[in-house]
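**Q** What follows is a single structure, and I will ask about it in a moment.
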Amino acid sequence: MSQDLLEVPAGTTPEREAVMRAVGQAPAPEWVIVTRGLKREYDMGGEIVRALRGVDLAVKRNEYVAIMGPSGSGKSTLMNIVGCLDTPNDGEYWLNGQLVSEMKDDALARVRNKEIGFVFQTFNLLPRATALANVELPLVYAGVPAAERKRRAMEALEKVQLGQRVHHRPNELSGGQRQRVAIARALVNDPSILLADEPTGNLDSNTSEEIMRVFEHLADTGQTVIMVTHEPDIASHARRVVVLRDGRIASDETKAQFVARIGAGQHAH
Amino acid sequence: MPFFEAVRLALQTIRVQKLKSFFTLLGVMIGVMFLIAVVSIVEGMSDYVENDFAAKIIGTNTFDVSRIPSFVSNADEAQWRAWQRRPRLFDPDYETVRAALPGDFRMARVNQNFLPATVPGLRPRSVQAVSTDATYFDIKKFGLTTGRAFTQQEVATGARVVVIGSEVASYYYEGLDPVGRELRIAGLPYTVIGVIEEQGSVFGFSMDRLAIAPVTTPLTRAINPRGDIDAITVQAGNRELITEGMELTREALRGFRRLGPSDDDTFSLTTSSAALSFFDGLKSKLVLFGTALPAIGLVVGALVIMNIMLVAVSERTREIGVRKALGARRRDIIAQFLVEASTLSIIGAMIGAGCGVGLAKLIAAVTPLPASVAPWSLVAALIVGAGVGITAGIYPASRAARLDPIAALRQE
Ligand SMILES: Nc1ncnc2c1ncn2[C@@H]1O[C@H](COP(=O)(O)OP(=O)(O)OP(=O)(O)O)[C@@H](O)[C@H]1O
Ligand SMILES: [Mg+2]
């Protein structure tokens, strides 16, 4: 077996492979996200921690991708780079045909504001602001006038069934409600991609199911979604499953392939 | 982010973080308060010197002829020795000056010193004894509340009469009419013939402890044992004549003292404007000292604000991370922190300005120091206060704004 074949993750398609290998070339418009040889290292006082060792990933519009893998495999690191919250040490990152890995601060801020909706495990709401004010925040930085801001924030909150609690502060809301506020905030600027890093990690199983239904509904209505999760149950909501191991992509399969491969054993316990 | 949005956000944060805001306010407030108070007092003093003091001490449109300049702001030892070598002024010098000047100049020989004065049954007290000519009363524009001034006739005959200040009158003749009574100065008796109306004080120094007798009385030798004259005060009819009068005086005295063209003057001519420039020098020292103090206060205030902002930034690193993750640019974060810092410090500066005016008024009321609040000092204090806040806010704000969103979010 050649070195090349070893690097092709199980299950990936020739179409994706072609896009990922066209180093230096802007991908076609239907590809929302393309990363090529993405690397991220941390210098921990002399010891180099390699969180990402060359990740090639291509995501098309309207896809719903779950990212899995053991703890420490680099899932969050990858999501943060894709969400423009962090910058890679090496490799290319194309978002909607723009080379994000070369962007300066202001351009990055614009991308975070307009193209990306990020949902965190720990919600990351501003504690002193109401649900409405939290959802309005991306619109404030987009320069949307106050009246329209309010209208659009209300709309987003209604989409996640929170229209009744817009004037509550985060500490007056349940975990599930907080995560709905965070989802509304991620969606309010109509991003081209919705990223979620273990969005149900801090929630009980019932609430998790609710939140997953929200994501599923969004995916059904055409929103591109990438979600990190530990739970195969939750991953099985997605239509494509990417598994990371040691900072590399170990497999990249359809949901059916993924379930067929490990589903039976995993569902047993 | 629009400016209005930033101000609204700042006010909201200030309301929530009351303690932090309070200390920031306090820092700026104290600095600005002292700045205003000190500037007001310095300003009040110089108003006073310009309007009252010069006229009271020197007289209007006058110059003094004396051995040593009347106001010395800085002179080295060599200069002093040179002055000490000059001949003293005596009556012939006075006659020379008098002969040289036209009739519309008034002049008076003036000697003064503090001497003990007594009346039987009272403890002696020191008074400001002056021996002079009758014209002195006109030059000084002294009004009398009772009695009269002495005449040049009495000066010619050496009459043992004295005109006293209001404080002298009330101390020695409490409840009595002083006129016709006796006052012993330096051991010799003089008859009181008049009382000068109240003159007030200059820098807390009373101008009403006067006892003025003719220059021909023994009081002159009590003041100057050699019998010389401290100064000849000359008053010109108007301001324009002062220079001319000084030139005539200089020529006459140089001739009388046989000075060659290359010799220096052996006397000094001092105008009230010289006195004013002396006080200008004093004022600039006061301003320097007076602004150094509150400047230290402001620097301390700035450090307090900067520290508070730094703490605020690390406390709020997560918030900054969230905002950056949602699309805040570096300048949005800087604007947020700057507006916050300057809103606080402008409010602090305004409160401080109010307190400063109050403090200046209070000092003026309980001490002899005058105070006058200059409008420019209020404006300056507000600008300085805001400037301090902005300067102190810039460092932590730019530090916060440089953070990577994920680095900021990861901090607990
Ligand atoms: N800021 C950091 N400094 C140093 N090392 C880091 C940092 N962030 C992540 N790492 C390291 O990089 C590797 C990948 O971390 P990452 O958080 O991406 O893992 P993960 O797959 O999200 O794990 P988990 O499932 O536990 O969330 C780990 O070895 C981690 O210790
Ligand atoms: Mg993680």
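Order determines the names: the first chain of the structure tokens is A, the second B, and so forth; residues in each chain are numbered 1 upward, and ligands are numbered 1 upward as they are shown.
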Would you list which chain B residues are within 12 Å of chain A using only C-alpha atoms, as an mmCIF file with N, CA and C atoms, in the first residue's frame?

**A**
```
data_model
loop_
_atom_site.group_PDB
_atom_site.id
_atom_site.type_symbol
_atom_site.label_atom_id
_atom_site.label_comp_id
_atom_site.auth_asym_id
_atom_site.auth_seq_id
_atom_site.Cartn_x
_atom_site.Cartn_y
_atom_site.Cartn_z
ATOM 1 N N MET B 1 -19.024 49.745 15.509
ATOM 2 C CA MET B 1 -20.106 50.024 16.468
ATOM 3 C C MET B 1 -20.304 51.546 16.564
ATOM 4 N N PRO B 2 -21.533 51.995 16.445
ATOM 5 C CA PRO B 2 -21.756 53.443 16.510
ATOM 6 C C PRO B 2 -21.406 54.007 17.884
ATOM 7 N N PHE B 3 -21.059 55.303 17.898
ATOM 8 C CA PHE B 3 -20.606 55.950 19.117
ATOM 9 C C PHE B 3 -21.664 55.865 20.218
ATOM 10 N N PHE B 4 -22.908 56.143 19.840
ATOM 11 C CA PHE B 4 -23.989 56.146 20.821
ATOM 12 C C PHE B 4 -24.093 54.801 21.518
ATOM 13 N N GLU B 5 -23.923 53.746 20.703
ATOM 14 C CA GLU B 5 -23.976 52.386 21.226
ATOM 15 C C GLU B 5 -22.890 52.186 22.285
ATOM 16 N N ALA B 6 -21.689 52.715 21.981
ATOM 17 C CA ALA B 6 -20.555 52.566 22.896
ATOM 18 C C ALA B 6 -20.822 53.294 24.212
ATOM 19 N N LEU B 9 -23.367 51.359 26.226
ATOM 20 C CA LEU B 9 -22.713 50.190 26.790
ATOM 21 C C LEU B 9 -21.864 50.586 27.995
ATOM 22 N N GLN B 12 -23.948 51.383 30.991
ATOM 23 C CA GLN B 12 -24.485 50.140 31.530
ATOM 24 C C GLN B 12 -23.431 49.427 32.373
ATOM 25 N N THR B 13 -22.203 49.356 31.851
ATOM 26 C CA THR B 13 -21.124 48.703 32.592
ATOM 27 C C THR B 13 -20.820 49.448 33.875
ATOM 28 N N ARG B 15 -22.809 51.235 35.628
ATOM 29 C CA ARG B 15 -23.886 51.007 36.585
ATOM 30 C C ARG B 15 -23.704 49.653 37.267
ATOM 31 N N VAL B 16 -23.298 48.667 36.470
ATOM 32 C CA VAL B 16 -23.169 47.325 37.032
ATOM 33 C C VAL B 16 -21.942 47.222 37.936
ATOM 34 N N GLN B 17 -20.825 47.855 37.518
ATOM 35 C CA GLN B 17 -19.590 47.726 38.292
ATOM 36 C C GLN B 17 -19.392 48.964 39.161
ATOM 37 N N ARG B 316 -12.896 40.701 32.319
ATOM 38 C CA ARG B 316 -13.849 40.675 31.226
ATOM 39 C C ARG B 316 -13.253 40.098 29.955
ATOM 40 N N THR B 317 -12.148 39.361 30.116
ATOM 41 C CA THR B 317 -11.520 38.772 28.944
ATOM 42 C C THR B 317 -12.503 37.869 28.197
ATOM 43 N N ARG B 318 -13.284 37.119 28.957
ATOM 44 C CA ARG B 318 -14.278 36.235 28.357
ATOM 45 C C ARG B 318 -15.275 37.017 27.522
ATOM 46 N N GLU B 319 -15.725 38.141 28.123
ATOM 47 C CA GLU B 319 -16.662 39.000 27.397
ATOM 48 C C GLU B 319 -16.020 39.480 26.091
ATOM 49 N N ILE B 320 -14.743 39.872 26.186
ATOM 50 C CA ILE B 320 -14.051 40.337 24.980
ATOM 51 C C ILE B 320 -13.974 39.207 23.960
ATOM 52 N N GLY B 321 -13.694 37.980 24.466
ATOM 53 C CA GLY B 321 -13.656 36.820 23.578
ATOM 54 C C GLY B 321 -14.986 36.612 22.877
ATOM 55 N N VAL B 322 -16.081 36.684 23.646
ATOM 56 C CA VAL B 322 -17.413 36.512 23.056
ATOM 57 C C VAL B 322 -17.652 37.564 21.988
ATOM 58 N N ARG B 323 -17.339 38.822 22.337
ATOM 59 C CA ARG B 323 -17.591 39.908 21.380
ATOM 60 C C ARG B 323 -16.765 39.731 20.108
ATOM 61 N N LYS B 324 -15.497 39.337 20.298
ATOM 62 C CA LYS B 324 -14.667 39.147 19.105
ATOM 63 C C LYS B 324 -15.181 37.966 18.283
ATOM 64 N N ALA B 325 -15.616 36.897 18.971
ATOM 65 C CA ALA B 325 -16.137 35.738 18.253
ATOM 66 C C ALA B 325 -17.363 36.113 17.427
ATOM 67 N N LEU B 326 -18.088 37.125 17.880
ATOM 68 C CA LEU B 326 -19.305 37.532 17.171
ATOM 69 C C LEU B 326 -19.031 38.611 16.139
ATOM 70 N N GLY B 327 -17.762 39.004 15.983
ATOM 71 C CA GLY B 327 -17.441 39.925 14.892
ATOM 72 C C GLY B 327 -16.986 41.301 15.319
ATOM 73 N N ALA B 328 -16.688 41.495 16.622
ATOM 74 C CA ALA B 328 -16.163 42.793 17.039
ATOM 75 C C ALA B 328 -14.752 42.953 16.499
ATOM 76 N N ARG B 329 -14.483 44.107 15.888
ATOM 77 C CA ARG B 329 -13.130 44.368 15.421
ATOM 78 C C ARG B 329 -12.311 44.910 16.583
ATOM 79 N N ARG B 330 -10.996 44.952 16.378
ATOM 80 C CA ARG B 330 -10.102 45.479 17.404
ATOM 81 C C ARG B 330 -10.559 46.860 17.849
ATOM 82 N N ARG B 331 -10.921 47.687 16.860
ATOM 83 C CA ARG B 331 -11.254 49.066 17.220
ATOM 84 C C ARG B 331 -12.596 49.155 17.955
ATOM 85 N N ASP B 332 -13.476 48.162 17.727
ATOM 86 C CA ASP B 332 -14.747 48.166 18.480
ATOM 87 C C ASP B 332 -14.471 47.947 19.966
ATOM 88 N N ILE B 333 -13.567 46.998 20.240
ATOM 89 C CA ILE B 333 -13.235 46.700 21.633
ATOM 90 C C ILE B 333 -12.540 47.911 22.266
ATOM 91 N N GLN B 336 -14.995 50.572 22.986
ATOM 92 C CA GLN B 336 -15.811 50.257 24.154
ATOM 93 C C GLN B 336 -15.089 50.619 25.451
ATOM 94 N N ALA B 401 -7.897 44.246 23.108
ATOM 95 C CA ALA B 401 -8.362 44.126 21.732
ATOM 96 C C ALA B 401 -7.456 43.232 20.902
ATOM 97 N N ARG B 402 -6.189 43.080 21.318
ATOM 98 C CA ARG B 402 -5.248 42.279 20.539
ATOM 99 C C ARG B 402 -5.444 40.780 20.739
ATOM 100 N N LEU B 403 -6.168 40.412 21.801
ATOM 101 C CA LEU B 403 -6.306 38.988 22.107
ATOM 102 C C LEU B 403 -6.990 38.234 20.974
ATOM 103 N N ASP B 404 -6.520 36.984 20.753
ATOM 104 C CA ASP B 404 -7.223 36.071 19.859
ATOM 105 C C ASP B 404 -8.544 35.714 20.522
ATOM 106 N N PRO B 405 -9.633 35.590 19.759
ATOM 107 C CA PRO B 405 -10.903 35.282 20.419
ATOM 108 C C PRO B 405 -10.826 34.016 21.263
ATOM 109 N N ILE B 406 -10.154 32.990 20.726
ATOM 110 C CA ILE B 406 -10.165 31.730 21.470
ATOM 111 C C ILE B 406 -9.309 31.831 22.720
ATOM 112 N N ALA B 407 -8.205 32.612 22.642
ATOM 113 C CA ALA B 407 -7.373 32.816 23.827
ATOM 114 C C ALA B 407 -8.176 33.525 24.905
ATOM 115 N N ALA B 408 -8.984 34.494 24.484
ATOM 116 C CA ALA B 408 -9.803 35.225 25.442
ATOM 117 C C ALA B 408 -10.890 34.333 26.018
ATOM 118 N N LEU B 409 -11.492 33.521 25.165
ATOM 119 C CA LEU B 409 -12.595 32.670 25.626
ATOM 120 C C LEU B 409 -12.120 31.587 26.584
ATOM 121 N N ARG B 410 -10.860 31.147 26.410
ATOM 122 C CA ARG B 410 -10.374 30.044 27.218
ATOM 123 C C ARG B 410 -10.101 30.469 28.655
ATOM 124 N N GLN B 411 -9.910 31.828 28.862
ATOM 125 C CA GLN B 411 -9.611 32.279 30.230
ATOM 126 C C GLN B 411 -10.832 32.174 31.123
ATOM 127 N N GLU B 412 -10.564 31.723 32.333
ATOM 128 C CA GLU B 412 -11.682 31.555 33.276
ATOM 129 C C GLU B 412 -11.856 32.798 34.111
#
```

**Q** Need the shell around range 50-59 of chain A: protein/DNA/RNA residues with any atom at most 8 Å away, counting only C-alpha atoms. Skip same-chain ones fewer than 4 positions apart. Format as a compact mmCIF listing (two decimals) with N, CA and C atoms, in the first residue's frame?

**A**
```
# COMPACT_ATOMS: atom_id res chain seq x y z
N ARG A 16 -14.43 14.88 -3.26
CA ARG A 16 -13.81 15.60 -2.13
C ARG A 16 -12.30 15.54 -2.24
N VAL A 19 -10.87 18.02 -4.65
CA VAL A 19 -10.89 19.39 -4.13
C VAL A 19 -9.79 19.59 -3.09
N MET A 20 -9.61 18.60 -2.22
CA MET A 20 -8.65 18.74 -1.13
C MET A 20 -7.21 18.75 -1.64
N TRP A 31 -18.48 24.51 -2.53
CA TRP A 31 -17.71 24.09 -1.35
C TRP A 31 -17.66 25.25 -0.34
N VAL A 32 -18.32 25.06 0.78
CA VAL A 32 -18.32 26.12 1.80
C VAL A 32 -16.96 26.14 2.50
N ILE A 33 -16.50 24.94 2.86
CA ILE A 33 -15.25 24.85 3.62
C ILE A 33 -14.31 23.86 2.96
N VAL A 34 -13.06 24.31 2.74
CA VAL A 34 -12.03 23.39 2.28
C VAL A 34 -10.76 23.67 3.09
N THR A 35 -10.24 22.65 3.77
CA THR A 35 -8.94 22.83 4.43
C THR A 35 -7.97 21.88 3.79
N ARG A 36 -6.69 22.35 3.68
CA ARG A 36 -5.67 21.50 3.06
C ARG A 36 -4.42 21.53 3.95
N GLY A 37 -4.10 20.37 4.49
CA GLY A 37 -2.88 20.24 5.30
C GLY A 37 -2.86 21.15 6.51
N LEU A 38 -4.01 21.30 7.14
CA LEU A 38 -4.12 22.23 8.27
C LEU A 38 -3.33 21.70 9.47
N LYS A 39 -2.44 22.57 10.00
CA LYS A 39 -1.65 22.16 11.17
C LYS A 39 -1.80 23.20 12.28
N ARG A 40 -1.84 22.71 13.50
CA ARG A 40 -1.86 23.63 14.65
C ARG A 40 -1.03 23.00 15.74
N GLU A 41 0.00 23.74 16.19
CA GLU A 41 0.87 23.24 17.26
C GLU A 41 0.85 24.21 18.42
N TYR A 42 0.96 23.69 19.61
CA TYR A 42 1.07 24.52 20.80
C TYR A 42 2.45 24.30 21.41
N GLU A 63 -24.59 20.51 3.72
CA GLU A 63 -24.21 19.27 4.40
C GLU A 63 -24.43 19.41 5.90
N GLY A 72 -8.98 14.89 23.12
CA GLY A 72 -7.61 15.31 22.79
C GLY A 72 -7.23 15.04 21.36
N SER A 73 -8.17 14.58 20.53
CA SER A 73 -7.83 14.26 19.15
C SER A 73 -7.78 15.50 18.26
N GLY A 74 -8.20 16.65 18.77
CA GLY A 74 -8.08 17.89 18.00
C GLY A 74 -9.40 18.42 17.45
N THR A 77 -9.89 22.10 18.40
CA THR A 77 -8.88 22.89 17.69
C THR A 77 -9.32 23.12 16.25
N LEU A 78 -9.79 22.05 15.60
CA LEU A 78 -10.24 22.17 14.22
C LEU A 78 -11.44 23.12 14.11
N GLY A 91 -0.91 25.32 6.44
CA GLY A 91 -2.04 24.79 5.67
C GLY A 91 -2.95 25.90 5.17
N ASP A 246 -5.65 11.64 16.87
CA ASP A 246 -4.29 12.20 16.92
C ASP A 246 -4.06 13.33 15.93
N GLY A 247 -5.01 14.18 15.80
CA GLY A 247 -4.82 15.36 14.95
C GLY A 247 -4.91 15.08 13.46
N ARG A 248 -5.43 13.91 13.10
CA ARG A 248 -5.66 13.60 11.69
C ARG A 248 -7.05 13.05 11.52
N ILE A 249 -7.55 13.11 10.26
CA ILE A 249 -8.85 12.51 9.99
C ILE A 249 -8.65 11.01 9.78
```

**Q** Would you mind listing what lies within 8 Å of Ile211 in chain A as a PDB file with N, CA, C and O atoms, in the first residue's frame, with only C-alpha atoms counted and same-chain residues fewer than 4 positions away left out?

**A**
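Listing of part_16.pdb after writing:
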```pdb
ATOM      1  N   GLY A 176     -31.015  24.350  28.569  1.00  0.00           N
ATOM      2  CA  GLY A 176     -31.526  24.173  27.215  1.00  0.00           C
ATOM      3  C   GLY A 176     -31.934  25.497  26.595  1.00  0.00           C
ATOM      4  O   GLY A 176     -31.671  25.764  25.419  1.00  0.00           O
ATOM      5  N   GLN A 179     -28.915  27.464  25.581  1.00  0.00           N
ATOM      6  CA  GLN A 179     -28.325  27.013  24.332  1.00  0.00           C
ATOM      7  C   GLN A 179     -29.184  27.449  23.143  1.00  0.00           C
ATOM      8  O   GLN A 179     -28.664  27.753  22.080  1.00  0.00           O
ATOM      9  N   ARG A 180     -30.506  27.551  23.346  1.00  0.00           N
ATOM     10  CA  ARG A 180     -31.366  28.062  22.268  1.00  0.00           C
ATOM     11  C   ARG A 180     -31.043  29.525  21.963  1.00  0.00           C
ATOM     12  O   ARG A 180     -31.023  29.938  20.807  1.00  0.00           O
ATOM     13  N   THR A 200     -24.356  19.907  23.257  1.00  0.00           N
ATOM     14  CA  THR A 200     -25.201  19.272  24.265  1.00  0.00           C
ATOM     15  C   THR A 200     -24.366  18.748  25.420  1.00  0.00           C
ATOM     16  O   THR A 200     -24.872  18.060  26.291  1.00  0.00           O
ATOM     17  N   THR A 207     -32.970  17.255  27.313  1.00  0.00           N
ATOM     18  CA  THR A 207     -32.707  18.572  26.729  1.00  0.00           C
ATOM     19  C   THR A 207     -31.826  18.423  25.495  1.00  0.00           C
ATOM     20  O   THR A 207     -32.029  19.110  24.497  1.00  0.00           O
ATOM     21  N   PHE A 215     -31.191  21.460  15.688  1.00  0.00           N
ATOM     22  CA  PHE A 215     -30.148  21.401  14.656  1.00  0.00           C
ATOM     23  C   PHE A 215     -30.652  20.644  13.424  1.00  0.00           C
ATOM     24  O   PHE A 215     -30.408  21.042  12.288  1.00  0.00           O
TER      25      PHE A 215
END
```

**Q** When you draw a straight line from CA of Glu231 in chain A to CA of Met68 in chain A, how long is it in Å?

**A** 8.0 Å

**Q** Using only C-alpha atoms, pick whichever of B:Pro87, B:Lys361, B:Thr243, B:Ile305 has the shortest atom-to-atom distance to Gly348 in chain B.

**A**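 Under the stated criterion, the closest residue is B:Ile305.
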
**Q** Excluding Phe105 in chain B and any residue of its chain fewer than 3 positions from it, enumerate the residues within 7 Å of it, using only C-alpha atoms, and give them as an NGL selection string.

**A** :B and (101-102 or 234-237)

**Q** Just want the 6 Å neighbourhood of range 173-183 of chain B, counted on only C-alpha atoms, with same-chain residues fewer than 3 positions away dropped. Output as a CSV table (one decimal) with all heavy atoms, in the first residue's frame.

**A**
```csv
chain,number,residue,atom,x,y,z
B,119,VAL,N,1.4,103.1,75.6
B,119,VAL,CA,0.7,104.2,76.3
B,119,VAL,C,0.8,103.6,77.8
B,119,VAL,O,0.8,102.4,77.9
B,119,VAL,CB,-0.7,104.4,75.9
B,119,VAL,CG1,-0.8,104.9,74.4
B,119,VAL,CG2,-1.6,103.2,76.1
B,169,ALA,N,-5.1,102.5,66.7
B,169,ALA,CA,-6.1,103.3,67.5
B,169,ALA,C,-7.0,102.3,68.3
B,169,ALA,O,-7.2,102.6,69.5
B,169,ALA,CB,-7.0,104.0,66.5
B,170,SER,N,-7.4,101.2,67.8
B,170,SER,CA,-8.3,100.4,68.5
B,170,SER,C,-7.6,99.6,69.6
B,170,SER,O,-8.1,99.3,70.7
B,170,SER,CB,-9.1,99.4,67.6
B,170,SER,OG,-8.1,98.5,67.0
B,189,PRO,N,7.5,110.6,73.3
B,189,PRO,CA,6.1,110.9,73.2
B,189,PRO,C,5.7,111.7,71.9
B,189,PRO,O,6.5,112.6,71.6
B,189,PRO,CB,5.8,111.7,74.5
B,189,PRO,CG,7.0,112.4,74.8
B,189,PRO,CD,8.2,111.5,74.3
B,190,TYR,N,4.6,111.3,71.3
B,190,TYR,CA,4.1,112.0,70.1
B,190,TYR,C,2.6,112.2,70.4
B,190,TYR,O,1.9,111.3,71.0
B,190,TYR,CB,4.3,111.2,68.8
B,190,TYR,CG,5.7,111.0,68.5
B,190,TYR,CD1,6.5,110.0,69.1
B,190,TYR,CD2,6.4,111.8,67.6
B,190,TYR,CE1,7.8,109.8,68.8
B,190,TYR,CE2,7.7,111.6,67.3
B,190,TYR,CZ,8.4,110.6,67.9
B,190,TYR,OH,9.8,110.5,67.6
B,191,THR,N,2.0,113.3,69.9
B,191,THR,CA,0.6,113.5,70.1
B,191,THR,C,-0.2,113.0,68.8
B,191,THR,O,0.2,113.4,67.7
B,191,THR,CB,0.3,115.1,70.2
B,191,THR,OG1,1.2,115.5,71.3
B,191,THR,CG2,-1.1,115.3,70.5
B,192,VAL,N,-1.2,112.2,69.1
B,192,VAL,CA,-2.0,111.7,68.0
B,192,VAL,C,-2.8,112.8,67.4
B,192,VAL,O,-3.5,113.5,68.2
B,192,VAL,CB,-2.9,110.5,68.5
B,192,VAL,CG1,-3.8,110.0,67.3
B,192,VAL,CG2,-2.0,109.4,69.0
B,193,ILE,N,-2.8,113.0,66.1
B,193,ILE,CA,-3.6,114.1,65.5
B,193,ILE,C,-4.6,113.5,64.5
B,193,ILE,O,-5.5,114.2,64.1
B,193,ILE,CB,-2.8,115.2,64.8
B,193,ILE,CG1,-1.9,114.5,63.7
B,193,ILE,CG2,-1.9,116.0,65.8
B,193,ILE,CD1,-1.3,115.6,62.8
B,194,GLY,N,-4.5,112.2,64.1
B,194,GLY,CA,-5.5,111.7,63.2
B,194,GLY,C,-5.4,110.2,63.1
B,194,GLY,O,-4.4,109.6,63.5
```

**Q** Find, counting only C-alpha atoms, the residue in A:Gly69, A:Pro199, A:Pro88, A:Gly11 that gets nearest to Pro232 in chain A.

**A**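 Looking at the shortest contact to Pro232 in chain A, the residue is A:Gly69.
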
**Q** Could you state the separation of CA of Gly281 in chain B and CA of Asp76 in chain B in Å, given to one decimal place?

**A** 16.5 Å

**Q** What lies within 8 Å of Asn62 in chain A using only C-alpha atoms, ignoring chain neighbours under 4 positions off, as a ChimeraX atom specification?

**A** /A:219,222-225
